[in-house]
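Novice: What follows is entry.cif, made up of mmCIF, C-alpha atoms:
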data_upload
#
loop_
_atom_site.label_atom_id
_atom_site.label_comp_id
_atom_site.auth_asym_id
_atom_site.auth_seq_id
_atom_site.Cartn_x
_atom_site.Cartn_y
_atom_site.Cartn_z
CA MET A 3 -1.00 2.53 -0.24
CA LYS A 4 0.19 0.35 0.21
CA PHE A 5 5.36 0.21 0.72
CA SER A 6 7.10 -2.53 2.53
CA PHE A 7 9.25 -5.61 2.63
CA LEU A 8 6.88 -6.98 0.00
CA GLY A 9 8.17 -4.37 -2.42
CA ARG A 10 11.64 -5.89 -2.16
CA LEU A 11 10.31 -9.40 -2.67
CA THR A 12 7.83 -8.82 -5.46
CA ALA A 13 7.82 -5.08 -6.17
CA ALA A 14 4.21 -4.71 -5.06
CA ILE A 15 2.48 -3.28 -2.02
CA VAL A 16 0.72 -0.48 -2.16
CA VAL A 17 -1.00 2.45 0.03
CA ALA A 18 -3.16 3.25 -0.11
CA GLY A 19 -6.28 3.47 0.99
CA LEU A 20 -5.90 2.72 4.50
CA ALA A 21 -6.52 -0.87 4.37
CA ALA A 22 -3.33 -0.21 3.21
CA CYS A 23 -1.27 -2.02 3.38
CA SER A 24 -2.02 -3.90 0.20
CA SER A 25 -4.63 -3.71 -2.47
CA ASN A 26 -3.93 -4.95 -6.12
CA ALA A 27 -3.21 -8.57 -5.27
CA PRO A 28 -1.90 -10.57 -8.22
CA GLN A 29 -3.71 -13.61 -9.51
CA SER A 30 -0.72 -15.89 -9.26
CA GLY A 31 -2.35 -19.28 -9.65
CA ASN A 32 -5.41 -20.80 -11.28
CA GLN A 33 -7.66 -19.18 -8.68
CA GLN A 34 -7.30 -16.20 -6.39
CA GLY A 35 -5.14 -17.07 -3.41
CA GLN A 36 -3.27 -19.87 -5.20
CA LEU A 37 0.29 -19.96 -6.42
CA PRO A 38 1.70 -21.99 -9.32
CA ALA A 39 2.00 -25.65 -8.38
CA ASN A 40 5.75 -25.71 -8.98
CA PHE A 41 6.52 -22.53 -7.03
CA GLY A 42 9.47 -23.01 -4.70
CA GLN A 43 10.65 -26.24 -6.34
CA SER A 44 14.09 -26.85 -7.73
CA GLU A 45 14.63 -28.01 -11.27
CA ALA A 46 14.84 -31.53 -9.98
CA GLY A 47 11.33 -31.19 -8.59
CA GLN A 48 12.34 -31.13 -4.93
CA GLN A 49 11.10 -28.48 -2.54
CA GLY A 50 13.70 -25.71 -2.36
CA PRO A 51 13.87 -25.12 1.41
CA SER A 52 14.06 -28.77 2.47
CA LYS A 53 17.85 -29.02 2.65
CA ALA A 54 18.80 -25.37 3.06
CA ASP A 55 20.18 -23.73 6.19
CA PRO A 56 17.61 -22.33 8.66
CA ARG A 57 17.93 -18.68 7.57
CA SER A 58 17.44 -19.57 3.91
CA ARG A 59 14.45 -21.75 4.74
CA ALA A 60 12.92 -18.97 6.82
CA LYS A 61 13.48 -16.54 3.96
CA ILE A 62 11.74 -18.81 1.46
CA HIS A 63 8.75 -19.32 3.76
CA THR A 64 8.58 -15.55 4.24
CA GLU A 65 8.59 -14.97 0.48
CA LEU A 66 5.83 -17.54 0.06
CA GLY A 67 3.87 -15.91 2.86
CA SER A 68 4.26 -12.53 1.17
CA LEU A 69 3.01 -13.86 -2.13
CA TYR A 70 0.00 -15.59 -0.56
CA TYR A 71 -0.81 -12.39 1.32
CA GLN A 72 -0.80 -10.41 -1.93
CA ALA A 73 -2.87 -13.10 -3.63
CA GLY A 74 -5.61 -12.70 -1.05
CA ASN A 75 -4.99 -15.88 0.94
CA PRO A 76 -4.11 -14.74 4.47
CA GLY A 77 -4.52 -18.23 5.93
CA ALA A 78 -1.80 -19.72 3.74
CA ALA A 79 0.31 -16.60 4.31
CA LEU A 80 0.12 -17.05 8.08
CA ASP A 81 1.01 -20.74 7.79
CA HIS A 82 4.22 -19.95 5.91
CA LEU A 83 5.17 -16.99 8.09
CA THR A 84 4.64 -19.01 11.26
CA SER A 85 6.77 -21.79 9.76
CA ALA A 86 9.48 -19.24 8.99
CA LEU A 87 9.55 -18.12 12.61
CA GLU A 88 9.54 -21.66 13.96
CA ILE A 89 12.62 -22.31 11.84
CA ASP A 90 14.35 -19.03 12.71
CA PRO A 91 12.73 -17.01 15.56
CA GLU A 92 15.14 -14.13 14.92
CA TYR A 93 14.22 -13.62 11.26
CA PHE A 94 12.69 -10.16 11.60
CA PRO A 95 11.22 -9.79 8.06
CA ALA A 96 8.81 -12.64 8.84
CA TYR A 97 7.48 -10.71 11.84
CA SER A 98 7.08 -7.60 9.72
CA VAL A 99 5.14 -9.35 6.97
CA ARG A 100 3.04 -11.28 9.49
CA GLY A 101 2.21 -7.93 11.07
CA LEU A 102 0.83 -6.78 7.72
CA VAL A 103 -1.28 -9.93 7.41
CA TYR A 104 -2.71 -9.52 10.90
CA ALA A 105 -3.39 -5.85 10.17
CA SER A 106 -5.33 -6.80 7.05
CA LEU A 107 -7.41 -9.15 9.22
CA ARG A 108 -7.97 -6.31 11.72
CA GLU A 109 -6.21 -8.24 14.46
CA GLN A 110 -4.52 -5.11 15.69
CA ALA A 111 -3.02 -6.47 18.91
CA LYS A 112 -1.31 -9.32 17.05
CA ALA A 113 -0.13 -6.95 14.32
CA GLU A 114 1.29 -4.52 16.88
CA ALA A 115 3.10 -7.34 18.69
CA ASP A 116 4.70 -8.61 15.49
CA PHE A 117 5.81 -5.18 14.34
CA ARG A 118 7.34 -4.60 17.76
CA ARG A 119 9.20 -7.91 17.54
CA ALA A 120 10.55 -6.90 14.14
CA LEU A 121 11.63 -3.49 15.42
CA ASP A 122 13.27 -5.01 18.50
CA ARG A 123 15.41 -7.19 16.23
CA SER A 124 16.16 -4.57 13.59
CA PRO A 125 15.17 -1.06 14.73
CA ASP A 126 16.71 0.71 11.74
CA ASP A 127 15.48 -1.56 8.95
CA PRO A 128 13.69 0.70 6.44
CA GLU A 129 11.07 -1.84 5.39
CA VAL A 130 10.11 -2.63 8.98
CA ASN A 131 9.83 1.07 9.81
CA ASN A 132 7.80 1.71 6.69
CA ASN A 133 5.42 -1.17 7.41
CA TYR A 134 4.92 -0.16 11.01
CA GLY A 135 4.36 3.45 10.03
CA TRP A 136 1.64 2.42 7.61
CA PHE A 137 0.03 0.25 10.27
CA LEU A 138 -0.08 3.17 12.71
CA CYS A 139 -1.57 5.39 10.02
CA SER A 140 -4.23 2.79 9.22
CA ILE A 141 -5.44 2.67 12.84
CA GLY A 142 -5.78 6.42 13.23
CA LYS A 143 -2.33 7.28 14.57
CA GLU A 144 -1.29 9.34 11.57
CA SER A 145 0.90 11.82 13.42
CA GLN A 146 2.84 9.03 15.14
CA SER A 147 3.38 7.23 11.85
CA ILE A 148 5.46 9.97 10.23
CA SER A 149 8.56 9.41 12.35
CA TYR A 150 8.74 5.78 11.21
CA PHE A 151 8.59 6.75 7.53
CA LEU A 152 11.32 9.31 8.12
CA ASN A 153 13.39 6.71 9.96
CA ALA A 154 13.08 4.42 6.95
CA LEU A 155 14.35 7.23 4.74
CA LYS A 156 17.53 7.65 6.79
CA ASN A 157 18.94 4.46 5.26
CA PRO A 158 20.90 5.41 2.11
CA LEU A 159 20.52 1.85 0.79
CA TYR A 160 16.72 1.88 0.96
CA GLU A 161 15.60 0.66 -2.45
CA THR A 162 12.15 2.32 -2.59
CA PRO A 163 12.29 5.67 -0.77
CA ASP A 164 9.48 6.97 -2.98
CA ARG A 165 7.09 4.55 -1.26
CA ALA A 166 7.96 5.85 2.19
CA TYR A 167 7.57 9.43 0.98
CA ALA A 168 4.20 8.58 -0.57
CA ASN A 169 3.08 6.93 2.67
CA ALA A 170 4.30 9.87 4.73
CA GLY A 171 2.45 12.28 2.45
CA THR A 172 -0.76 10.28 2.52
CA CYS A 173 -0.70 10.05 6.31
CA ALA A 174 0.26 13.71 6.77
CA LEU A 175 -2.68 14.65 4.55
CA LYS A 176 -4.97 12.49 6.65
CA ALA A 177 -3.62 14.21 9.78
CA GLY A 178 -4.34 17.65 8.28
CA ASP A 179 -0.69 18.65 7.76
CA LEU A 180 -1.05 20.00 4.24
CA ASP A 181 2.41 21.55 4.05
CA GLY A 182 4.14 18.36 5.16
CA ALA A 183 1.94 16.24 2.90
CA GLN A 184 2.76 18.36 -0.14
CA ARG A 185 6.48 18.21 0.58
CA TYR A 186 6.52 14.42 1.01
CA LEU A 187 4.29 13.70 -1.98
CA LEU A 188 6.33 15.85 -4.33
CA GLN A 189 9.43 13.99 -3.18
CA ALA A 190 7.67 10.69 -3.95
CA VAL A 191 6.88 11.86 -7.48
CA GLN A 192 10.44 13.07 -8.02
CA LEU A 193 12.01 9.80 -6.87
CA SER A 194 9.52 7.34 -8.33
CA ARG A 195 10.48 4.98 -11.13
CA ASP A 196 6.92 3.74 -11.75
CA GLY A 197 4.97 6.97 -12.17
CA ALA A 198 3.92 7.42 -8.52
CA MET A 199 0.23 6.93 -9.23
CA GLN A 200 -0.80 6.97 -5.58
CA ALA A 201 1.30 10.05 -4.79
CA ARG A 202 -0.19 11.87 -7.78
CA TYR A 203 -3.72 11.01 -6.65
CA GLN A 204 -2.99 12.27 -3.14
CA LEU A 205 -1.52 15.48 -4.58
CA ALA A 206 -4.75 15.95 -6.55
CA ARG A 207 -6.69 15.62 -3.29
CA LEU A 208 -4.36 18.04 -1.55
CA PHE A 209 -4.51 20.73 -4.23
CA TYR A 210 -8.29 20.33 -4.41
CA GLN A 211 -8.49 20.99 -0.68
CA ARG A 212 -6.29 24.05 -1.13
CA GLY A 213 -8.41 25.35 -3.99
CA ILE A 214 -5.56 25.10 -6.49
CA LEU A 215 -7.81 23.44 -9.04
CA GLY A 216 -5.54 23.60 -12.08
CA GLU A 217 -2.80 21.64 -10.29
CA ALA A 218 -5.40 19.24 -8.90
CA LYS A 219 -6.65 18.53 -12.42
CA ILE A 220 -3.13 17.85 -13.74
CA TYR A 221 -2.27 15.36 -10.99
CA LEU A 222 -5.65 13.65 -11.08
CA SER A 223 -5.48 13.23 -14.86
CA ASP A 224 -2.02 11.69 -14.52
CA ALA A 225 -3.22 9.32 -11.78
CA LEU A 226 -6.32 8.24 -13.70
CA ARG A 227 -4.23 7.35 -16.74
CA MET A 228 -2.30 4.91 -14.53
CA MET A 229 -5.35 3.35 -12.86
CA GLU A 230 -6.99 0.28 -14.33
CA PRO A 231 -9.78 0.57 -13.51
CA PRO A 232 -10.15 4.03 -11.93
CA THR A 233 -11.27 3.86 -8.31
CA ALA A 234 -14.58 5.21 -7.07
CA GLU A 235 -12.70 7.69 -4.89
CA ALA A 236 -10.73 9.06 -7.85
CA LEU A 237 -13.83 9.36 -10.05
CA TRP A 238 -15.73 11.16 -7.30
CA LEU A 239 -12.84 13.58 -6.86
CA GLY A 240 -12.87 14.14 -10.62
CA ILE A 241 -16.61 14.88 -10.58
CA ARG A 242 -16.26 17.45 -7.80
CA LEU A 243 -13.20 19.00 -9.41
CA GLU A 244 -14.75 19.37 -12.85
CA HIS A 245 -18.00 20.62 -11.28
CA LYS A 246 -16.03 23.49 -9.73
CA LEU A 247 -14.08 24.11 -12.93
CA GLY A 248 -17.28 24.12 -14.97
CA ASP A 249 -16.22 21.48 -17.50
CA ARG A 250 -19.54 19.67 -17.84
CA LEU A 251 -18.33 17.33 -20.58
CA VAL A 252 -15.52 15.84 -18.49
CA GLU A 253 -17.75 15.88 -15.40
CA SER A 254 -20.37 13.86 -17.27
CA SER A 255 -17.74 11.33 -18.33
CA TYR A 256 -16.69 10.79 -14.71
CA ILE A 257 -20.33 10.53 -13.60
CA SER A 258 -21.03 7.89 -16.23
CA GLN A 259 -18.02 5.84 -15.14
CA LEU A 260 -18.92 6.10 -11.47
CA ARG A 261 -22.54 5.07 -12.18
CA THR A 262 -21.51 2.15 -14.38
CA ARG A 263 -18.62 0.82 -12.32
CA TYR A 264 -19.68 1.60 -8.75
CA PRO A 265 -23.47 2.05 -8.54
CA THR A 266 -23.60 0.94 -4.89
CA SER A 267 -20.52 2.84 -3.72
CA PRO A 268 -20.68 5.52 -1.00
CA GLU A 269 -19.23 7.94 -3.55
CA TYR A 270 -22.13 7.42 -5.97
CA GLN A 271 -24.62 7.82 -3.14
CA GLU A 272 -22.96 11.14 -2.26
CA PHE A 273 -23.30 12.19 -5.89
CA LEU A 274 -27.00 11.28 -5.91
CA LYS A 275 -27.50 13.45 -2.84
CA GLY A 276 -25.74 16.32 -4.56
CA GLN A 277 -23.16 16.53 -1.78
CA PHE A 278 -20.26 17.92 -3.76
CA GLU A 279 -18.36 19.18 -0.73
#
Let me see whether you can do it: turn the structure in this file into structure tokens.
Specialist:
Amino acid sequence: MKFSFLGRLTAAIVVAGLAACSSNAPQSGNQQGQLPANFGQSEAGQQGPSKADPRSRAKIHTELGSLYYQAGNPGAALDHLTSALEIDPEYFPAYSVRGLVYASLREQAKAEADFRRALDRSPDDPEVNNNYGWFLCSIGKESQSISYFLNALKNPLYETPDRAYANAGTCALKAGDLDGAQRYLLQAVQLSRDGAMQARYQLARLFYQRGILGEAKIYLSDALRMMEPPTAEALWLGIRLEHKLGDRLVESSYISQLRTRYPTSPEYQEFLKGQFE
């Protein structure tokens, strides 16, 4: 995952898995969910938004909410995002980010309502469309999600089109549209400036499904080099891929990593059952 307004604020949100909307939260403070004590303060030690105009104050609260969300503190994120909207009820990015927070808490009705508010205020904003598309994909509406990713891509000023393409490809793959998924994911790789790890992993899945094992191996190897640590899903794909290719040495390496890192994972249980398909 995981492709949103957060990418503009902090260059991080990622697809992915379908809890998508964000995995890889930074440890910004002394503990998870905390930010540096002086965040948002001016050099004089005063809180930045205290004397600013309403729109600037709402923006700062939204940025703080985004950072708390990524740091794994949804409560603090909601406090700041609600404050942003109390200050400026028309500030649509706050609705969009709050929608992501509610989605992560599985409060789907609240998330839907906030995304709709954001779209009502800015129907063509690429980040809002991208966020809402990922939300739809995460709740099983993959086919409906694609049009929102494509709407995001219509904006020539969109700063991270590779993320929307990666999301569209991931969701098309989930919907069973292999041709569309391949087209979108290859576009994500072509446009990416950070290696497109998630798009490469999804391409490995796609080519594995299509039986194009050599291509699957190339993309999975690229993705694994970018992962730290490798996910259970990626290791399990590697095991199944190398099992089919007959490379027992590489297969054993993936098995060892899956056993050591994720002994209680569903993927390891599938391996123990010998369910390679």
Novice: If the PyMOL selection byres ((chain A and resi 163) around 10) is run on the structure shown, which residues does it catch, given as a list in words?
Specialist: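 On this input, the PyMOL selection byres ((chain A and resi 163) around 10) captures Phe5, Pro128, Glu129, Asn132, Phe151, Leu152, Ala154, Leu155, Lys156, Asn157, Pro158, Leu159, Tyr160, Glu161, Thr162, Asp164, Arg165, Ala166, Tyr167, Ala168, Asn169, Gln189, Ala190, Leu193 and Ser194 of chain A.
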Novice: Which is closest to Pro91 (chain A) among A:Ala174, A:Ile148, A:Lys61, A:Met199, if we use only C-alpha atoms?
Specialist: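 Closest residue, counting only C-alpha atoms: A:Lys61.
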Novice: Go ahead and compute the interatomic distance for CA of Gly171 (chain A) and CA of Glu144 (chain A), in Å to one decimal.
Specialist: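 That distance, rounded to one decimal, is 10.3 Å.
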Novice: Find the residue from A:Gly276, A:Pro76, A:Gly216, A:Gly101 that sits nearest to Glu244 (chain A); use all atoms listed in the file when measuring.
Specialist: A:Gly216
Novice: Evaluate the PyMOL selection byres ((chain A and resi 147) around 10) and record the selected residues as number ranges by chain, following the chain and residue labels used in the document.
Specialist: A: 131-146, 148-152, 169-170, 173-174
Novice: The PyMOL selection byres ((chain A and resi 83) around 8) - which residues does that actually catch in the file I just gave you? List them as JSON, numbers by chain.
Specialist: {"A": [63, 64, 67, 79, 80, 81, 82, 84, 85, 86, 87, 96, 97, 99, 100]}
Novice: For the residues in that selection, give me C-alpha atoms as a short mmCIF file (atom, residue, chain, number, x, y, z; two decimals), in the coordinates of the input.
Specialist:
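To be explicit, this is the file written out as part_20.cif:
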data_model
loop_
_atom_site.label_atom_id
_atom_site.label_comp_id
_atom_site.auth_asym_id
_atom_site.auth_seq_id
_atom_site.Cartn_x
_atom_site.Cartn_y
_atom_site.Cartn_z
CA HIS A 63 8.75 -19.32 3.76
CA THR A 64 8.58 -15.55 4.24
CA GLY A 67 3.87 -15.91 2.86
CA ALA A 79 0.31 -16.60 4.31
CA LEU A 80 0.12 -17.05 8.08
CA ASP A 81 1.01 -20.74 7.79
CA HIS A 82 4.22 -19.95 5.91
CA THR A 84 4.64 -19.01 11.26
CA SER A 85 6.77 -21.79 9.76
CA ALA A 86 9.48 -19.24 8.99
CA LEU A 87 9.55 -18.12 12.61
CA ALA A 96 8.81 -12.64 8.84
CA TYR A 97 7.48 -10.71 11.84
CA VAL A 99 5.14 -9.35 6.97
CA ARG A 100 3.04 -11.28 9.49
#
Novice: In terms of the shortest atom-to-atom distance over only C-alpha atoms, which of A:Asp249, A:Asp127, A:Asp55, A:Glu235 is closest to Tyr203 (chain A)?
Specialist: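 Residue with the minimum atom-to-atom distance to Tyr203 (chain A): A:Glu235.
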Novice: Between CA of Val130 (chain A) and CA of Phe117 (chain A), what is the distance, to one decimal in Å?
Specialist: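 Taking CA of Val130 (chain A) and CA of Phe117 (chain A), their separation equals 7.3 Å.
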Novice: Quick check, in Å to one decimal: how far apart do CA of Gln192 (chain A) and CA of Ala206 (chain A) lie?
Specialist: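 Going from CA of Gln192 (chain A) over to CA of Ala206 (chain A), I get 15.5 Å.
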Novice: Pick out the closest residue to Leu205 (chain A) from this set: A:Met229, A:Leu107, A:Ala236, A:Leu274. Count all atoms listed in the file.
Specialist: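 Nearest to Leu205 (chain A): A:Ala236.
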